[in-house]
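Note: the block below is start12.cif and it holds mmCIF, C-alpha atoms.
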data_upload
loop_
_atom_site.label_atom_id
_atom_site.label_comp_id
_atom_site.auth_asym_id
_atom_site.auth_seq_id
_atom_site.Cartn_x
_atom_site.Cartn_y
_atom_site.Cartn_z
CA MET A 16 8.68 1.47 23.28
CA THR A 17 8.85 1.63 27.11
CA THR A 18 7.75 5.27 27.07
CA PHE A 19 4.91 4.44 24.70
CA ILE A 20 3.68 1.59 26.93
CA ILE A 21 3.82 3.80 30.03
CA LEU A 22 1.80 6.54 28.29
CA CYS A 23 -0.80 3.99 27.19
CA ALA A 24 -1.05 2.60 30.74
CA ILE A 25 -1.50 6.10 32.22
CA MET A 26 -4.24 6.94 29.71
CA ALA A 27 -6.01 3.66 30.47
CA LEU A 28 -5.84 4.36 34.23
CA ILE A 29 -7.32 7.84 33.70
CA ALA A 30 -10.19 6.36 31.67
CA VAL A 31 -10.83 3.70 34.33
CA ALA A 32 -10.76 6.25 37.15
CA ALA A 33 -13.12 8.63 35.33
CA VAL A 34 -15.71 5.86 34.93
CA CYS A 35 -15.26 3.58 37.93
CA ILE A 36 -14.76 6.02 40.82
CA PRO A 37 -18.18 7.73 40.40
CA LEU A 38 -19.84 4.31 40.11
CA TRP A 39 -18.08 3.01 43.23
CA THR A 40 -18.86 6.07 45.39
CA GLY A 41 -22.29 6.67 43.89
CA GLY A 42 -21.24 10.07 42.54
CA ARG A 43 -22.79 11.91 45.53
CA ASN A 44 -21.75 15.44 46.40
CA ARG A 45 -23.57 15.45 49.74
CA SER A 46 -23.96 12.83 52.44
CA ASP A 47 -27.04 10.60 52.41
CA ALA A 48 -27.93 11.73 55.92
CA ASP A 49 -28.08 15.38 54.87
CA ARG A 50 -30.18 14.56 51.85
CA ARG A 51 -32.67 12.49 53.89
CA ALA A 52 -32.91 15.16 56.56
CA GLN A 53 -33.74 17.78 53.97
CA VAL A 54 -36.35 15.57 52.28
CA LEU A 55 -38.01 14.66 55.61
CA ALA A 56 -38.03 18.31 56.66
CA ILE A 57 -39.80 19.23 53.44
CA LEU A 58 -42.33 16.43 53.90
CA ARG A 59 -42.93 17.48 57.51
CA GLN A 60 -43.55 21.04 56.41
CA GLN A 61 -45.96 19.82 53.72
CA ALA A 62 -47.84 17.77 56.37
CA ASP A 63 -48.17 20.82 58.63
CA ASP A 64 -49.41 22.89 55.71
CA LEU A 65 -51.94 20.17 54.87
CA GLU A 66 -53.32 20.19 58.44
CA ALA A 67 -53.61 23.97 58.33
CA GLU A 68 -55.44 23.85 55.03
CA LYS A 69 -57.93 21.32 56.46
CA ALA A 70 -58.49 23.35 59.63
CA ALA A 71 -59.18 26.46 57.58
CA GLY A 72 -61.68 24.56 55.44
CA ARG A 73 -59.85 25.16 52.19
CA ILE A 74 -59.83 21.49 51.20
CA ASP A 75 -62.43 18.80 51.61
CA ALA A 76 -61.95 15.48 53.37
CA ASP A 77 -61.26 13.48 50.20
CA GLU A 78 -58.50 15.80 49.02
CA TYR A 79 -57.03 15.89 52.51
CA GLU A 80 -56.97 12.09 52.75
CA GLU A 81 -55.43 11.63 49.28
CA THR A 82 -52.65 14.16 49.97
CA ARG A 83 -51.95 12.69 53.43
CA LEU A 84 -51.56 9.19 51.96
CA GLU A 85 -49.13 10.49 49.29
CA LEU A 86 -47.00 12.18 51.98
CA GLU A 87 -46.95 8.98 54.04
CA ARG A 88 -45.90 6.97 50.95
CA ARG A 89 -42.97 9.30 50.31
CA VAL A 90 -41.88 9.05 53.94
CA LEU A 91 -41.96 5.24 53.69
CA ASP A 92 -39.91 5.37 50.45
CA GLU A 93 -37.24 7.43 52.16
CA ALA A 94 -37.18 5.01 55.06
CA ARG A 95 -36.84 2.06 52.67
CA HIS A 96 -33.93 3.77 50.81
CA GLU A 97 -32.24 4.42 54.16
CA GLU A 98 -32.58 0.78 55.09
CA GLU A 99 -31.16 -0.36 51.70
CA GLU A 100 -28.16 1.94 52.08
CA ARG A 101 -27.50 0.67 55.59
CA SER A 102 -27.60 -2.92 54.28
CA GLY A 103 -25.46 -2.03 51.22
CA LYS A 104 -28.02 -3.16 48.63
CA SER A 105 -28.37 0.23 46.94
CA SER A 106 -24.65 0.50 46.11
CA ARG A 107 -24.15 -3.12 45.07
CA VAL A 108 -25.11 -2.81 41.38
CA PRO A 109 -22.98 0.29 40.61
CA ARG A 110 -20.02 -1.26 42.38
CA ILE A 111 -20.39 -4.52 40.46
CA LEU A 112 -20.50 -2.49 37.24
CA ALA A 113 -17.39 -0.57 38.35
CA VAL A 114 -15.49 -3.84 38.88
CA ILE A 115 -16.58 -5.13 35.46
CA LEU A 116 -15.47 -1.93 33.71
CA LEU A 117 -12.19 -2.01 35.63
CA VAL A 118 -11.39 -5.19 33.69
CA VAL A 119 -13.19 -4.47 30.41
CA ILE A 120 -11.72 -1.03 29.65
CA PRO A 121 -8.01 -2.01 29.77
CA ALA A 122 -8.71 -5.36 28.07
CA SER A 123 -10.62 -3.65 25.25
CA ALA A 124 -7.81 -1.13 24.78
CA VAL A 125 -5.15 -3.86 24.57
CA LEU A 126 -7.15 -6.12 22.24
CA GLY A 127 -8.22 -3.20 20.03
CA TYR A 128 -4.66 -1.97 19.62
CA TYR A 129 -3.41 -5.51 18.99
CA ALA A 130 -5.98 -5.91 16.20
CA LEU A 131 -5.81 -2.43 14.64
CA GLY A 132 -2.64 -0.72 15.85
CA ARG A 133 0.94 -0.86 14.66
CA TYR A 134 2.81 -1.52 17.86
CA THR A 135 6.20 -1.22 16.13
CA ALA A 136 5.49 2.25 14.76
CA MET A 137 7.49 3.88 17.57
CA ASP A 138 10.26 1.29 17.49
CA PRO A 139 13.51 2.97 16.31
CA HIS A 140 14.59 -0.26 14.57
CA PHE A 141 11.31 -0.44 12.67
CA ILE A 142 11.58 3.23 11.67
CA GLU A 143 15.13 2.67 10.46
CA MET A 144 14.03 -0.29 8.35
CA MET A 145 11.11 1.60 6.83
CA GLU A 146 13.36 4.52 5.92
CA ALA A 147 15.71 2.08 4.23
CA GLN A 148 12.77 0.68 2.24
CA GLN A 149 11.66 4.16 1.15
CA MET A 150 15.17 4.93 -0.04
CA GLY A 151 15.02 1.84 -2.21
CA GLY A 152 18.25 0.58 -0.76
CA ARG A 153 20.33 3.23 -2.54
CA GLY A 154 23.10 4.62 -0.38
CA HIS A 155 23.33 1.36 1.58
CA SER A 156 26.06 -1.14 0.98
CA GLN A 157 25.40 -4.86 0.75
CA ARG A 158 26.92 -5.22 4.21
CA GLU A 159 24.53 -2.64 5.66
CA MET A 160 21.55 -4.29 4.00
CA GLN A 161 22.71 -7.69 5.29
CA LYS A 162 22.95 -6.26 8.81
CA MET A 163 19.39 -4.97 8.50
CA ILE A 164 18.16 -8.42 7.54
CA ASP A 165 20.15 -10.12 10.32
CA ASP A 166 18.83 -7.64 12.92
CA LEU A 167 15.29 -8.17 11.70
CA LYS A 168 15.63 -11.96 11.80
CA ALA A 169 16.94 -11.78 15.35
CA ARG A 170 13.99 -9.62 16.36
CA LEU A 171 11.52 -12.00 14.69
CA ALA A 172 13.07 -14.94 16.52
CA ASP A 173 11.87 -13.26 19.74
CA GLU A 174 8.64 -11.91 18.20
CA PRO A 175 7.47 -14.60 15.76
CA ARG A 176 3.97 -13.07 15.59
CA ASN A 177 5.22 -9.63 14.55
CA ALA A 178 3.35 -9.26 11.26
CA ASN A 179 4.95 -5.91 10.46
CA GLY A 180 8.37 -7.45 10.94
CA TRP A 181 7.68 -10.31 8.53
CA PHE A 182 6.34 -7.85 5.96
CA LEU A 183 9.48 -5.74 6.25
CA LEU A 184 11.73 -8.81 6.01
CA ALA A 185 9.92 -9.94 2.86
CA ARG A 186 10.28 -6.54 1.22
CA THR A 187 13.94 -6.18 2.20
CA ALA A 188 14.83 -9.68 0.96
CA ALA A 189 13.05 -8.96 -2.33
CA GLN A 190 14.99 -5.73 -2.65
CA MET A 191 18.24 -7.69 -2.35
CA ASN A 192 17.00 -10.26 -4.93
CA ARG A 193 16.90 -12.95 -2.24
CA PHE A 194 13.59 -14.25 -3.47
CA ASP A 195 13.58 -17.56 -1.60
CA GLU A 196 13.85 -15.69 1.69
CA ALA A 197 11.18 -13.26 0.56
CA VAL A 198 8.84 -16.16 -0.22
CA GLU A 199 9.38 -17.71 3.23
CA ALA A 200 8.74 -14.35 4.91
CA PHE A 201 5.55 -13.83 2.90
CA LYS A 202 4.39 -17.32 3.87
CA ARG A 203 4.85 -16.51 7.56
CA LEU A 204 3.04 -13.22 7.02
CA ASN A 205 0.23 -14.98 5.16
CA ALA A 206 -0.19 -17.35 8.11
CA LEU A 207 -0.42 -14.43 10.55
CA VAL A 208 -2.70 -12.35 8.32
CA PRO A 209 -4.73 -14.93 6.36
CA ASN A 210 -7.05 -14.17 3.47
CA ASN A 211 -5.31 -10.93 2.53
CA ALA A 212 -5.33 -10.70 -1.27
CA ASP A 213 -2.51 -8.12 -1.41
CA ILE A 214 -0.17 -10.30 0.63
CA MET A 215 -1.02 -13.37 -1.45
CA ALA A 216 -0.38 -11.50 -4.72
CA ASP A 217 3.01 -10.24 -3.47
CA MET A 218 3.89 -13.75 -2.30
CA ALA A 219 3.00 -15.17 -5.73
CA ASP A 220 5.14 -12.50 -7.38
CA MET A 221 8.14 -13.56 -5.27
CA MET A 222 7.44 -17.25 -5.91
CA ALA A 223 7.62 -16.58 -9.63
CA ALA A 224 10.80 -14.53 -9.20
CA ALA A 225 12.42 -17.34 -7.16
CA ASN A 226 11.56 -19.73 -9.98
CA GLY A 227 13.25 -17.65 -12.66
CA LYS A 228 10.24 -15.39 -13.31
CA VAL A 229 8.14 -18.38 -14.37
CA ILE A 230 4.51 -18.54 -13.23
CA THR A 231 4.19 -22.20 -12.27
CA PRO A 232 0.87 -23.93 -11.51
CA ASP A 233 1.48 -23.31 -7.79
CA VAL A 234 1.97 -19.58 -8.41
CA GLU A 235 -1.08 -19.48 -10.64
CA LYS A 236 -3.16 -21.11 -7.90
CA VAL A 237 -2.06 -18.51 -5.33
CA LEU A 238 -2.96 -15.71 -7.75
CA LYS A 239 -6.38 -17.21 -8.40
CA ASP A 240 -6.94 -17.70 -4.66
CA ALA A 241 -6.14 -14.01 -4.20
CA LEU A 242 -8.77 -13.13 -6.79
CA GLU A 243 -11.28 -15.32 -4.96
CA ILE A 244 -10.78 -13.04 -1.94
CA ASP A 245 -10.54 -9.77 -3.87
CA PRO A 246 -11.61 -9.97 -7.52
CA THR A 247 -10.11 -6.49 -8.09
CA GLN A 248 -6.57 -7.23 -6.84
CA TRP A 249 -4.58 -5.51 -9.59
CA LYS A 250 -1.28 -7.41 -9.34
CA ALA A 251 -2.98 -10.80 -9.53
CA LEU A 252 -5.04 -9.67 -12.54
CA ALA A 253 -1.99 -8.22 -14.29
CA LEU A 254 0.23 -11.27 -13.72
CA LEU A 255 -2.47 -13.69 -14.83
CA ALA A 256 -3.17 -11.58 -17.92
CA ILE A 257 0.48 -11.67 -18.98
CA HIS A 258 0.71 -15.37 -18.14
CA SER A 259 -2.31 -16.07 -20.34
CA TRP A 260 -0.91 -13.87 -23.12
CA ASP A 261 2.44 -15.69 -23.08
CA ARG A 262 0.66 -19.05 -23.32
CA GLN A 263 -1.33 -17.62 -26.25
CA HIS A 264 -4.60 -17.93 -24.34
CA TYR A 265 -5.66 -14.59 -25.71
CA ALA A 266 -9.35 -14.74 -24.81
CA GLN A 267 -8.42 -15.44 -21.19
CA ALA A 268 -5.86 -12.64 -21.22
CA ALA A 269 -8.53 -10.24 -22.52
CA ASP A 270 -10.83 -11.28 -19.69
CA TYR A 271 -8.21 -10.55 -17.03
CA TRP A 272 -7.35 -7.19 -18.62
CA GLU A 273 -11.03 -6.27 -18.75
CA ARG A 274 -11.32 -7.01 -15.04
CA LEU A 275 -8.16 -4.99 -14.41
CA LEU A 276 -9.62 -2.07 -16.38
CA LYS A 277 -12.71 -2.09 -14.16
CA SER A 278 -10.62 -2.08 -10.98
CA VAL A 279 -8.42 0.95 -11.80
CA PRO A 280 -9.63 4.57 -11.36
CA ARG A 281 -11.23 6.38 -14.26
CA ASP A 282 -8.29 8.78 -14.41
CA PHE A 283 -5.73 5.95 -14.51
CA PRO A 284 -3.09 7.14 -17.02
CA ASP A 285 -2.74 3.79 -18.83
CA ARG A 286 -6.41 3.01 -19.37
CA GLU A 287 -6.01 3.49 -23.12
CA GLN A 288 -3.07 1.08 -23.20
CA ILE A 289 -5.06 -1.57 -21.31
CA GLU A 290 -7.96 -1.09 -23.72
CA ALA A 291 -5.55 -1.57 -26.63
CA ASN A 292 -4.26 -4.77 -25.02
CA ILE A 293 -7.84 -6.03 -24.65
CA ASN A 294 -8.64 -5.32 -28.29
CA GLU A 295 -5.46 -6.99 -29.52
CA ALA A 296 -5.97 -10.03 -27.27
CA LYS A 297 -9.55 -10.39 -28.52
CA ARG A 298 -8.37 -10.15 -32.13
CA LEU A 299 -5.69 -12.78 -31.64
CA GLY A 300 -8.04 -14.90 -29.56
CA GLY A 301 -10.53 -14.92 -32.41
CA ILE A 302 -7.81 -16.08 -34.82
CA ASN A 303 -6.76 -18.92 -32.58
CA ASP A 304 -10.32 -19.98 -31.78
CA ASN A 305 -11.16 -20.39 -35.48
CA ILE A 306 -7.79 -21.61 -36.75
CA SER A 307 -9.06 -25.04 -37.63
CA SER A 308 -11.77 -23.70 -39.90
CA VAL A 309 -9.59 -21.63 -42.20
CA SER A 310 -7.35 -22.57 -45.08
CA PRO A 311 -3.57 -23.09 -44.70
CA ALA A 312 -2.99 -19.81 -46.53
CA ALA A 313 -5.26 -18.04 -44.07
CA LYS A 314 -3.38 -19.65 -41.21
CA ASP A 315 -0.08 -18.36 -42.57
CA GLN A 316 -1.53 -14.89 -43.04
CA ALA A 317 -2.96 -14.91 -39.51
CA ALA A 318 0.40 -15.92 -38.08
CA ALA A 319 2.10 -13.16 -40.07
CA ASP A 320 -0.44 -10.61 -38.84
CA ALA A 321 0.09 -11.71 -35.24
CA ALA A 322 3.87 -11.49 -35.59
CA GLU A 323 3.58 -8.04 -37.14
CA ALA A 324 1.28 -6.91 -34.33
CA ARG A 325 3.76 -8.08 -31.69
CA THR A 326 6.74 -6.38 -33.32
CA GLU A 327 5.01 -3.15 -34.27
CA ALA A 328 7.21 -0.19 -33.45
CA PRO A 329 6.11 1.85 -30.44
CA PRO A 330 4.91 5.42 -30.94
CA THR A 331 7.62 8.00 -31.20
CA ALA A 332 8.15 11.10 -29.10
CA ALA A 333 10.69 13.83 -28.82
CA PRO A 334 13.83 12.33 -27.21
CA GLY A 335 14.11 15.18 -24.73
CA ASP A 336 10.61 14.43 -23.42
CA LEU A 337 11.14 10.72 -22.73
CA HIS A 338 12.40 8.88 -19.67
CA MET A 339 14.91 6.35 -20.96
CA VAL A 340 18.02 4.23 -20.46
CA ALA A 341 20.49 3.40 -23.24
CA GLY A 342 23.53 1.23 -23.83
CA THR A 343 24.85 -1.84 -25.64
CA VAL A 344 23.96 -5.53 -25.42
CA THR A 345 26.70 -8.05 -26.20
CA LEU A 346 26.87 -11.85 -26.24
CA ASP A 347 29.67 -13.63 -24.42
CA GLU A 348 31.97 -15.49 -26.83
CA ARG A 349 31.54 -18.72 -24.88
CA LEU A 350 27.80 -18.80 -25.64
CA LYS A 351 27.77 -17.83 -29.31
CA SER A 352 27.68 -21.46 -30.40
CA LEU A 353 24.46 -21.96 -28.39
CA ALA A 354 22.51 -19.24 -30.21
CA SER A 355 21.11 -19.10 -33.73
CA PRO A 356 21.14 -15.85 -35.74
CA GLU A 357 17.32 -15.82 -35.88
CA ASP A 358 16.79 -16.33 -32.15
CA THR A 359 14.88 -13.53 -30.40
CA VAL A 360 16.71 -11.20 -28.01
CA PHE A 361 14.56 -9.44 -25.39
CA ILE A 362 16.10 -6.31 -23.87
CA TYR A 363 14.28 -5.03 -20.79
CA ALA A 364 14.42 -2.76 -17.77
CA ARG A 365 12.71 -3.78 -14.53
CA PRO A 366 12.28 -1.91 -11.23
CA ALA A 367 15.23 -2.21 -8.88
CA THR A 368 12.84 -2.99 -6.01
CA GLY A 369 9.40 -4.50 -5.65
CA SER A 370 7.82 -6.10 -8.69
CA ARG A 371 10.10 -7.75 -11.23
CA MET A 372 7.69 -7.00 -14.06
CA PRO A 373 9.61 -5.03 -16.74
CA VAL A 374 8.66 -1.39 -17.18
CA ALA A 375 10.13 -1.25 -20.69
CA PHE A 376 11.31 -3.75 -23.28
CA THR A 377 12.15 -4.25 -26.92
CA LYS A 378 13.33 -7.18 -28.99
CA VAL A 379 15.82 -7.80 -31.77
CA GLN A 380 17.59 -10.89 -33.13
CA VAL A 381 20.92 -12.50 -32.29
CA LYS A 382 22.30 -11.47 -35.68
CA ASP A 383 21.89 -7.82 -34.59
CA LEU A 384 24.31 -8.21 -31.65
CA PRO A 385 26.15 -6.26 -30.40
CA TYR A 386 23.13 -3.96 -30.38
CA ASN A 387 22.95 -0.33 -29.29
CA PHE A 388 19.60 -0.07 -27.52
CA GLU A 389 17.48 2.70 -26.09
CA LEU A 390 14.51 1.85 -23.86
CA ASN A 391 12.02 4.63 -23.21
CA GLU A 392 8.71 5.07 -21.43
CA THR A 393 6.65 4.23 -24.53
CA MET A 394 8.06 0.68 -24.66
CA ARG A 395 5.83 -0.50 -21.86
CA MET A 396 4.81 -4.05 -21.08
CA ALA A 397 1.48 -5.32 -22.33
CA MET A 398 -0.11 -4.92 -18.88
CA GLY A 399 0.32 -1.15 -19.17
CA ALA A 400 1.16 -0.61 -15.50
CA ASP A 401 4.46 1.09 -14.56
CA THR A 402 6.77 2.70 -17.11
CA LEU A 403 10.21 4.31 -17.03
CA ALA A 404 8.37 7.54 -16.20
CA THR A 405 7.09 6.11 -12.91
CA VAL A 406 10.26 4.54 -11.47
CA LYS A 407 13.59 6.07 -10.48
CA THR A 408 16.00 3.12 -10.60
CA VAL A 409 16.02 0.02 -12.78
CA ILE A 410 18.00 -3.13 -13.48
CA VAL A 411 18.68 -3.63 -17.19
CA GLY A 412 19.04 -7.08 -18.68
CA ALA A 413 18.74 -9.12 -21.87
CA ARG A 414 17.70 -12.67 -22.69
CA ILE A 415 17.93 -14.83 -25.82
CA SER A 416 14.81 -16.95 -26.26
CA LYS A 417 14.74 -19.78 -28.78
CA SER A 418 10.96 -20.06 -28.40
CA GLY A 419 10.32 -16.35 -28.83
CA ASN A 420 8.37 -16.41 -25.55
CA PHE A 421 9.01 -13.49 -23.22
CA MET A 422 8.68 -15.71 -20.14
CA PRO A 423 12.06 -17.38 -19.36
CA GLN A 424 12.54 -21.01 -20.32
CA PRO A 425 15.31 -23.53 -19.59
CA GLY A 426 18.04 -23.16 -22.21
CA ASP A 427 17.57 -19.39 -22.58
CA LEU A 428 20.74 -17.30 -22.52
CA GLU A 429 20.57 -14.29 -20.25
CA GLY A 430 22.43 -11.59 -18.38
CA GLU A 431 21.62 -8.61 -16.15
CA MET A 432 23.60 -5.66 -14.85
CA GLU A 433 24.68 -6.33 -11.29
CA GLN A 434 23.85 -2.83 -10.03
CA ALA A 435 20.71 -0.77 -10.43
CA VAL A 436 21.01 2.37 -12.56
CA GLU A 437 19.18 5.67 -12.62
CA VAL A 438 16.55 6.27 -15.26
CA GLY A 439 18.26 8.55 -17.79
CA ASP A 440 21.64 6.78 -17.68
CA ARG A 441 23.42 6.06 -20.96
CA GLY A 442 26.48 4.05 -21.92
CA LEU A 443 25.28 0.93 -20.14
CA VAL A 444 26.80 -2.45 -21.04
CA VAL A 445 24.73 -5.62 -20.71
CA THR A 446 26.51 -8.92 -21.35
CA ILE A 447 24.57 -12.12 -21.98
CA HIS A 448 26.78 -14.60 -20.15
CA ASN A 449 24.60 -17.26 -18.53
CA GLU A 450 22.58 -20.26 -19.70
CA ARG A 451 19.36 -20.84 -17.82
CA LYS A 452 19.07 -24.36 -16.40
#
Rewrite the coordinates I just gave you, this time as structure tokens.
Amino acid sequence: MTTFIILCAIMALIAVAAVCIPLWTGGRNRSDADRRAQVLAILRQQADDLEAEKAAGRIDADEYEETRLELERRVLDEARHEEEERSGKSSRVPRILAVILLVVIPASAVLGYYALGRYTAMDPHFIEMMEAQQMGGRGHSQREMQKMIDDLKARLADEPRNANGWFLLARTAAQMNRFDEAVEAFKRLNALVPNNADIMADMADMMAAANGKVITPDVEKVLKDALEIDPTQWKALALLAIHSWDRQHYAQAADYWERLLKSVPRDFPDREQIEANINEAKRLGGINDNISSVSPAAKDQAAADAAEARTEAPPTAAPGDLHMVAGTVTLDERLKSLASPEDTVFIYARPATGSRMPVAFTKVQVKDLPYNFELNETMRMAMGADTLATVKTVIVGARISKSGNFMPQPGDLEGEMEQAVEVGDRGLVVTIHNERK
């Protein structure tokens, strides 16, 4: 950092010298006395030539008088310039401008870099942290990751306005599943960089994760505030779409997915999946909107159709072509009395870092446990974003939901593998061993 600052200072001095020195000195290559002597000599010669022309009768009196007056005016101008230079008036404006630029150029460079530059980009500690982020934390022990966080916190104590540092702390804490710390870091970052929809969406994602993956009214407000700033922010649209879907607000979910579809590129690989989600949400939304006007038998049939649509088997593909993880889900003996045979069991894989939104899931019933599962890239979440084909490491877990709602609720039974696994791993064992409070 010291070398970088010295180089910046030298470059600023060169720029100041290149502009200010010519202004201060007037940029003259010859002395003023020499220039005036040459000009006066030329004018004197022109006056002599004029007299000769008159004596020879080549010009009339009017032309002679007009030319003589012009030569006298030029001589007076040179005399006036000489007087101004002797008094210092002629050099005052350029020198004032030189003094102004002497202040403005370095100040502009510093303020411009503060606003647009990344002053930690040459910091070895920052580079080390970024490399750790890119590696996804693999190859680093918990102790090493803890040291990274401690070092970063110590640095931020001295540099509380280091926006890049707060961003890195938030990402690192999220990677270690320390969501409360990630939320606090994102809040500090949001204060330093206000009205940034991406930061607000990430902060809302961590707020939901810290609250057991539940999108509370506070989280929903942050997501909607992010959309007020950037109506195309994809994470906010996706989270709100899933939140609306889980609350069975299908028309609202369709609206968010339609907005998400407009914000992604035309060659986005999951456009068809998003379109399918929109169509299904509109179909279910129409059923719910008109539920009071149909007969009880129609209601039962509609509910059966909706259940069938939600449990429809994903498309099949050749096993060798799919990205997948496989293993067995078991239920701890201590919790068997808390579950009913018909309760829904969600089995999912989520990215080891970043978003906690599952990239693959399936569901069975408690009576099927222990269950040998295989999650592949076709078992994507309704939002149609990432899949097992787009991530390298995942955390696999399972949850028993009495309500049948994918979003966690108090009283759910759940369990996750403690360590992330590579996509393609088999023989995994997931034990449901905890009751959500």
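The interatomic distance for the pair CA of Tyr386 in chain A and CA of Ala404 in chain A works out to 23.5 Å.
Within 9 Å of Leu117 in chain A, once all atoms listed in the file are used and residues closer than 5 positions along the same chain are dropped, the contacting residues are Val31, Ala32, Val34, Cys35, Leu112 and Ala122 of chain A.
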CA of Arg262 in chain A to CA of Glu389 in chain A, straight-line distance in Å: 27.6 Å
Residues in the PyMOL selection byres ((chain A and resi 451) around 8), expressed as a PyMOL selection string: chain A and resi 424-429+449-450+452
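By chain and then residue number, the residues within 10 Å of Lys351 in chain A are A:Leu346, A:Asp347, A:Glu348, A:Arg349, A:Leu353, A:Ala354, A:Ser355, A:Pro356, A:Val381, A:Leu428, A:Ile447, A:His448, counting all atoms listed in the file and disregarding those fewer than 2 positions away in sequence.
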Result set of the PyMOL selection byres ((chain A and resi 294) around 12) on the coordinates above, as a PyMOL selection string: chain A and resi 265-266+268-270+272-273+287-293+295-301+324+397
Atom-to-atom span, CA of Asp440 in chain A and CA of Gly412 in chain A, Å: 14.1 Å
Within 12 Å of range 60-75 of chain A using only C-alpha atoms, minus same-chain residues under 5 positions, as a PyMOL selection string: chain A and resi 53-55+80-87+89-90
Target residues per the PyMOL selection byres ((chain A and resi 418-422) around 9), formatted as a PyMOL selection string: chain A and resi 227-230+258+261-262+358-361+414-417+423-424+427
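Among the candidates A:Phe283, A:Phe194, A:Phe201, A:Trp249, the one nearest to Asn226 in chain A when counting all atoms listed in the file is A:Phe194.
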Selection near range 362-368 of chain A, 8 Å with all atoms listed in the file, sequence-local residues under 5 positions removed, as a ChimeraX atom specification: /A:151,189-190,373-378,390,406,408-414,435
Among the residues A:Ala52, A:Leu254, A:Val444, A:Ala124, the one that comes closest to Leu242 in chain A [using all atoms listed in the file]: A:Leu254
Residue contacts of range 207-217 of chain A (12 Å, only C-alpha atoms) excluding same-chain residues fewer than 4 positions away, as a PyMOL selection string: chain A and resi 130+175-182+185-186+189+194+197-203+221-224+234-255+369-371
